[in-house]
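Following: one structure in structure tokens, then a few remarks.
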Amino acid sequence: MRSSGRNNRDSGRGNYRGAGNQRDEKQQRAGRPRPEERRYDVGGTGGSGGSSDRKDERKGGGPKSGAPKSGGSRGAAARGGAKGGPRTGAAAKGRPGGKSGGPQRGRGQAPARPREYDAQVEERNRARHDKPQVKTPKTFGDQEGERLQKVLARAGMGSRRACEELIDQARVEVNGQIVMEQGVRVDPEKDEIKVDGLTVATQSYLFFALNKPAGVVSTMEDPDGRQCLGDYVTNRETRLFHVGRLDTETEGIILLTNHGELAHRLTHPRYGVKKTYLAAIQGPLPRDLGKQLKDGIQLEDGYARADHFRVVENTGKNYLVEVTLHEGRKHIVRRMLSEAGFPVDKLVRTSFGPIALGDQKSGWLRRMTNTEVGMLMREVEL
């Protein structure tokens, strides 16, 4: 009986081993390792918790009291390893049983480099970037001057694309020569640039037109504290000049600029820049009043002649007349009409050369357009 039972147990073991070998062969064909070949890193003191348990079982004949079975710990290790992989560094510190002596390195991390090696790398990088720059010949360097379309765009003639179209349309000339190709370089401080025959102010010049109210003194500063032209341009960074003068009680357009040569030429008798005034006088007016003013009126400082005269409006005895002349003597219009027998009640300057007052309100300051600046410069041959 004993021999038969032993044979049965042996046959059962053989069947069990045969089934296990068949399972291992299937796993090998599927590319999966055997269960005993799987390795899981579980953060414990001195290595895997499962291996220490198995050693204790071999020594003591069974699992330690109060410790989990090796099968349960092995399942937890498998779940932890499959989900997050091996834990290292700060993650191992926070777990019970992890080492407290610094971060643990996993198998995928590179060893730390010594500080001496990092210092050598830093020195090599600095030496490479601190080399003196190689000076290239002028042939390969930047050309002198700026591109013409960039200079025109900065002067307010439009976008760069619009300025390129001006060049394509042969409307731009530099130093008297029409430019037909793109990319021409110019010196805005020396070269004379014109668009449609009008000079473009490419330098940092400012040009303003002010409608001066009555009661404002035609000076930039007044020692008596009266309201003056400087009160309208107090926020400007550069000094501005007023072009010509207007009587304190005379209203109208007056120009302000930091272009000294332009201001000088606009007021010089040689260039004869014309100014137009509207004067309110009392009639009736003789038919030959215009002829008298054009022929010349004798004043204490010489003859004064008007270039143009016409009656703009007539309401009863009230007349509004327009007088144009190129002289700039003090109170010239008031003195001429008063000498002719018609004192002026109100006087307004409506234009200075090609710049008209238009509908600009009293006391308003506006910046002149590039076209207006070009017309002014052409007027005085700039």
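Within each chain, counting starts at residue 1; across the structure tokens, chains are named A, B, ... in the order shown, with ligands numbered 1 upward in that order.
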### Task
as a ChimeraX atom specification, list the residues of stretch 222-302 of chain A assigned to helix (DSSP H, G or I) by DSSP on the backbone atoms of this structure.
/A:229-232,260-267,289-295
Please produce a file of those selected residues containing N, CA, C and O atoms, as a JSON list (two decimals), in the first residue's frame.
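The resulting file, selection-v4.json, is reproduced below:
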[["chain", "number", "residue", "atom", "x", "y", "z"],
["A", 229, "LEU", "N", 4.26, 133.18, -27.80],
["A", 229, "LEU", "CA", 4.26, 131.99, -28.64],
["A", 229, "LEU", "C", 4.88, 130.79, -27.93],
["A", 229, "LEU", "O", 4.50, 129.64, -28.18],
["A", 230, "GLY", "N", 5.85, 131.05, -27.06],
["A", 230, "GLY", "CA", 6.49, 129.95, -26.35],
["A", 230, "GLY", "C", 5.55, 129.17, -25.47],
["A", 230, "GLY", "O", 5.83, 128.01, -25.12],
["A", 231, "ASP", "N", 4.42, 129.78, -25.08],
["A", 231, "ASP", "CA", 3.46, 129.05, -24.24],
["A", 231, "ASP", "C", 2.77, 127.91, -24.98],
["A", 231, "ASP", "O", 2.21, 127.02, -24.35],
["A", 232, "TYR", "N", 2.83, 127.93, -26.31],
["A", 232, "TYR", "CA", 2.17, 126.88, -27.10],
["A", 232, "TYR", "C", 3.11, 125.73, -27.44],
["A", 232, "TYR", "O", 2.66, 124.71, -27.97],
["A", 260, "GLY", "N", 16.86, 126.76, -38.95],
["A", 260, "GLY", "CA", 17.28, 128.15, -38.93],
["A", 260, "GLY", "C", 17.41, 128.77, -40.30],
["A", 260, "GLY", "O", 16.99, 129.93, -40.52],
["A", 261, "GLU", "N", 17.96, 128.05, -41.27],
["A", 261, "GLU", "CA", 18.14, 128.60, -42.62],
["A", 261, "GLU", "C", 16.80, 128.87, -43.28],
["A", 261, "GLU", "O", 16.62, 129.90, -43.95],
["A", 262, "LEU", "N", 15.85, 127.96, -43.09],
["A", 262, "LEU", "CA", 14.52, 128.17, -43.68],
["A", 262, "LEU", "C", 13.85, 129.39, -43.06],
["A", 262, "LEU", "O", 13.25, 130.22, -43.77],
["A", 263, "ALA", "N", 13.94, 129.53, -41.74],
["A", 263, "ALA", "CA", 13.33, 130.69, -41.08],
["A", 263, "ALA", "C", 13.96, 131.99, -41.57],
["A", 263, "ALA", "O", 13.26, 133.00, -41.76],
["A", 264, "HIS", "N", 15.27, 131.97, -41.77],
["A", 264, "HIS", "CA", 15.94, 133.19, -42.25],
["A", 264, "HIS", "C", 15.50, 133.55, -43.66],
["A", 264, "HIS", "O", 15.20, 134.73, -43.95],
["A", 265, "ARG", "N", 15.43, 132.60, -44.55],
["A", 265, "ARG", "CA", 15.07, 132.90, -45.93],
["A", 265, "ARG", "C", 13.61, 133.32, -46.07],
["A", 265, "ARG", "O", 13.28, 134.12, -46.95],
["A", 266, "LEU", "N", 12.75, 132.75, -45.26],
["A", 266, "LEU", "CA", 11.33, 133.10, -45.36],
["A", 266, "LEU", "C", 11.08, 134.56, -44.99],
["A", 266, "LEU", "O", 10.08, 135.16, -45.45],
["A", 267, "THR", "N", 11.93, 135.14, -44.19],
["A", 267, "THR", "CA", 11.74, 136.53, -43.77],
["A", 267, "THR", "C", 12.67, 137.51, -44.50],
["A", 267, "THR", "O", 12.54, 138.72, -44.29],
["A", 289, "LEU", "N", -8.92, 152.60, -54.83],
["A", 289, "LEU", "CA", -8.14, 152.28, -53.63],
["A", 289, "LEU", "C", -7.11, 151.18, -53.92],
["A", 289, "LEU", "O", -5.97, 151.26, -53.49],
["A", 290, "GLY", "N", -7.51, 150.18, -54.66],
["A", 290, "GLY", "CA", -6.58, 149.12, -55.01],
["A", 290, "GLY", "C", -5.41, 149.62, -55.82],
["A", 290, "GLY", "O", -4.26, 149.20, -55.62],
["A", 291, "LYS", "N", -5.67, 150.54, -56.76],
["A", 291, "LYS", "CA", -4.61, 151.10, -57.58],
["A", 291, "LYS", "C", -3.63, 151.91, -56.73],
["A", 291, "LYS", "O", -2.42, 151.87, -56.94],
["A", 292, "GLN", "N", -4.18, 152.66, -55.75],
["A", 292, "GLN", "CA", -3.30, 153.44, -54.88],
["A", 292, "GLN", "C", -2.36, 152.53, -54.09],
["A", 292, "GLN", "O", -1.16, 152.84, -53.97],
["A", 293, "LEU", "N", -2.90, 151.42, -53.57],
["A", 293, "LEU", "CA", -2.07, 150.53, -52.78],
["A", 293, "LEU", "C", -1.02, 149.82, -53.65],
["A", 293, "LEU", "O", 0.11, 149.61, -53.20],
["A", 294, "LYS", "N", -1.37, 149.48, -54.87],
["A", 294, "LYS", "CA", -0.41, 148.81, -55.75],
["A", 294, "LYS", "C", 0.66, 149.79, -56.24],
["A", 294, "LYS", "O", 1.82, 149.40, -56.44],
["A", 295, "ASP", "N", 0.27, 151.05, -56.48],
["A", 295, "ASP", "CA", 1.25, 152.03, -56.92],
["A", 295, "ASP", "C", 2.22, 152.39, -55.81],
["A", 295, "ASP", "O", 3.37, 152.76, -56.06]]
Counting only C-alpha atoms, which residues in stretch 238-342 of chain A sit no more than 8 Å from stretch 346-354 of chain A? For each one, give the nearest pair of atoms and the distance in Å, sorted by chain then residue number, as a Markdown table.
| residue | atom | partner | partner_atom | distance |
| --- | --- | --- | --- | --- |
| A:Glu249 | CA | A:Leu347 | CA | 7.9 |
| A:Thr250 | CA | A:Leu347 | CA | 5.3 |
| A:Glu251 | CA | A:Val348 | CA | 4.7 |
| A:Gly252 | CA | A:Arg349 | CA | 4.4 |
| A:Ile253 | CA | A:Arg349 | CA | 5.8 |
| A:Ile254 | CA | A:Phe352 | CA | 7.4 |
| A:Val273 | CA | A:Gly353 | CA | 5.5 |
| A:Lys274 | CA | A:Gly353 | CA | 5.1 |
| A:Lys275 | CA | A:Phe352 | CA | 4.8 |
| A:Thr276 | CA | A:Ser351 | CA | 5.3 |
| A:Tyr277 | CA | A:Arg349 | CA | 4.3 |
| A:Leu278 | CA | A:Val348 | CA | 5.3 |
| A:Ala279 | CA | A:Leu347 | CA | 4.6 |
| A:Ala280 | CA | A:Lys346 | CA | 5.2 |
| A:Ile281 | CA | A:Lys346 | CA | 7.6 |
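Between A:Val333 and the candidates A:Thr257, A:Gly363, A:Arg310, A:Leu246, the tightest atom-to-atom separation, counting only C-alpha atoms, involves A:Leu246.
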Show me, as a tab-separated table (two decimals) with N, CA, C and O atoms, in the first residue's frame, the residues that have an atom within 9 Å of A:Met220 when counting only C-alpha atoms, minus same-chain residues fewer than 2 positions from it.
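Okay, around_28.tsv is ready:
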chain	number	residue	atom	x	y	z
A	217	VAL	N	1.78	137.85	-27.66
A	217	VAL	CA	2.97	138.55	-28.13
A	217	VAL	C	3.78	137.61	-29.02
A	217	VAL	O	3.95	136.43	-28.70
A	218	SER	N	4.30	138.13	-30.13
A	218	SER	CA	5.05	137.31	-31.09
A	218	SER	C	6.50	137.15	-30.67
A	218	SER	O	7.43	137.55	-31.37
A	222	ASP	N	8.58	136.19	-22.94
A	222	ASP	CA	8.25	137.59	-22.66
A	222	ASP	C	8.66	137.93	-21.24
A	222	ASP	O	8.20	137.31	-20.27
A	228	CYS	N	2.73	134.48	-24.74
A	228	CYS	CA	3.57	134.57	-25.93
A	228	CYS	C	3.52	133.25	-26.69
A	228	CYS	O	2.86	132.29	-26.27
A	229	LEU	N	4.26	133.18	-27.80
A	229	LEU	CA	4.26	131.99	-28.64
A	229	LEU	C	4.88	130.79	-27.93
A	229	LEU	O	4.50	129.64	-28.18
A	230	GLY	N	5.85	131.05	-27.06
A	230	GLY	CA	6.49	129.95	-26.35
A	230	GLY	C	5.55	129.17	-25.47
A	230	GLY	O	5.83	128.01	-25.12
A	231	ASP	N	4.42	129.78	-25.08
A	231	ASP	CA	3.46	129.05	-24.24
A	231	ASP	C	2.77	127.91	-24.98
A	231	ASP	O	2.21	127.02	-24.35
A	233	VAL	N	4.40	125.88	-27.17
A	233	VAL	CA	5.37	124.84	-27.53
A	233	VAL	C	6.27	124.51	-26.35
A	233	VAL	O	7.45	124.20	-26.51
A	240	LEU	N	12.53	126.16	-30.91
A	240	LEU	CA	11.86	126.54	-32.15
A	240	LEU	C	11.98	128.05	-32.35
A	240	LEU	O	12.07	128.82	-31.39
A	241	PHE	N	12.00	128.44	-33.63
A	241	PHE	CA	12.02	129.86	-34.00
A	241	PHE	C	10.67	130.23	-34.59
A	241	PHE	O	10.05	129.43	-35.29
A	242	HIS	N	10.25	131.46	-34.33
A	242	HIS	CA	9.03	131.94	-35.00
A	242	HIS	C	9.45	132.66	-36.27
A	242	HIS	O	10.42	133.43	-36.28
### Best match for closeness to A:Gly197 among A:Ile332, A:Ala356, A:Val172, A:Val184, counting only C-alpha atoms
A:Val172
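Shortest separation to A:Phe342 among A:Leu382, A:Leu285, A:Ala306, A:Ala170 occurs at residue A:Leu285, atoms counted being only C-alpha atoms.
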### Summary
Using only C-alpha atoms, the residue out of A:Asp187, A:Glu164, A:Glu116, A:Asp224 with shortest distance to A:Glu146 is A:Asp187
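Distances from A:Cys163, A:Leu255, A:Met375, A:Val195 to A:Gly176 were compared using only C-alpha atoms, and the smallest one belongs to A:Val195.
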## Note on the structure
Between A:Leu325, A:Leu210, A:Met377, A:Ala155, smallest distance to A:Gly272 by only C-alpha atoms belongs to A:Leu325
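Between atom CA of A:Thr248 and atom CA of A:Val216 the interatomic distance comes to 5.5 Å.
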### Query
What is the atom CA of A:Leu152-atom CA of A:Arg367 distance in Å, reported with one decimal?
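One can read the atom CA of A:Leu152 to atom CA of A:Arg367 distance as 17.7 Å.
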#### Entry: Separation of atom CA of A:Pro269 from atom CA of A:Gly328 in Å
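About the pair atom CA of A:Gly328 and atom CA of A:Pro269: they are 7.8 Å apart.
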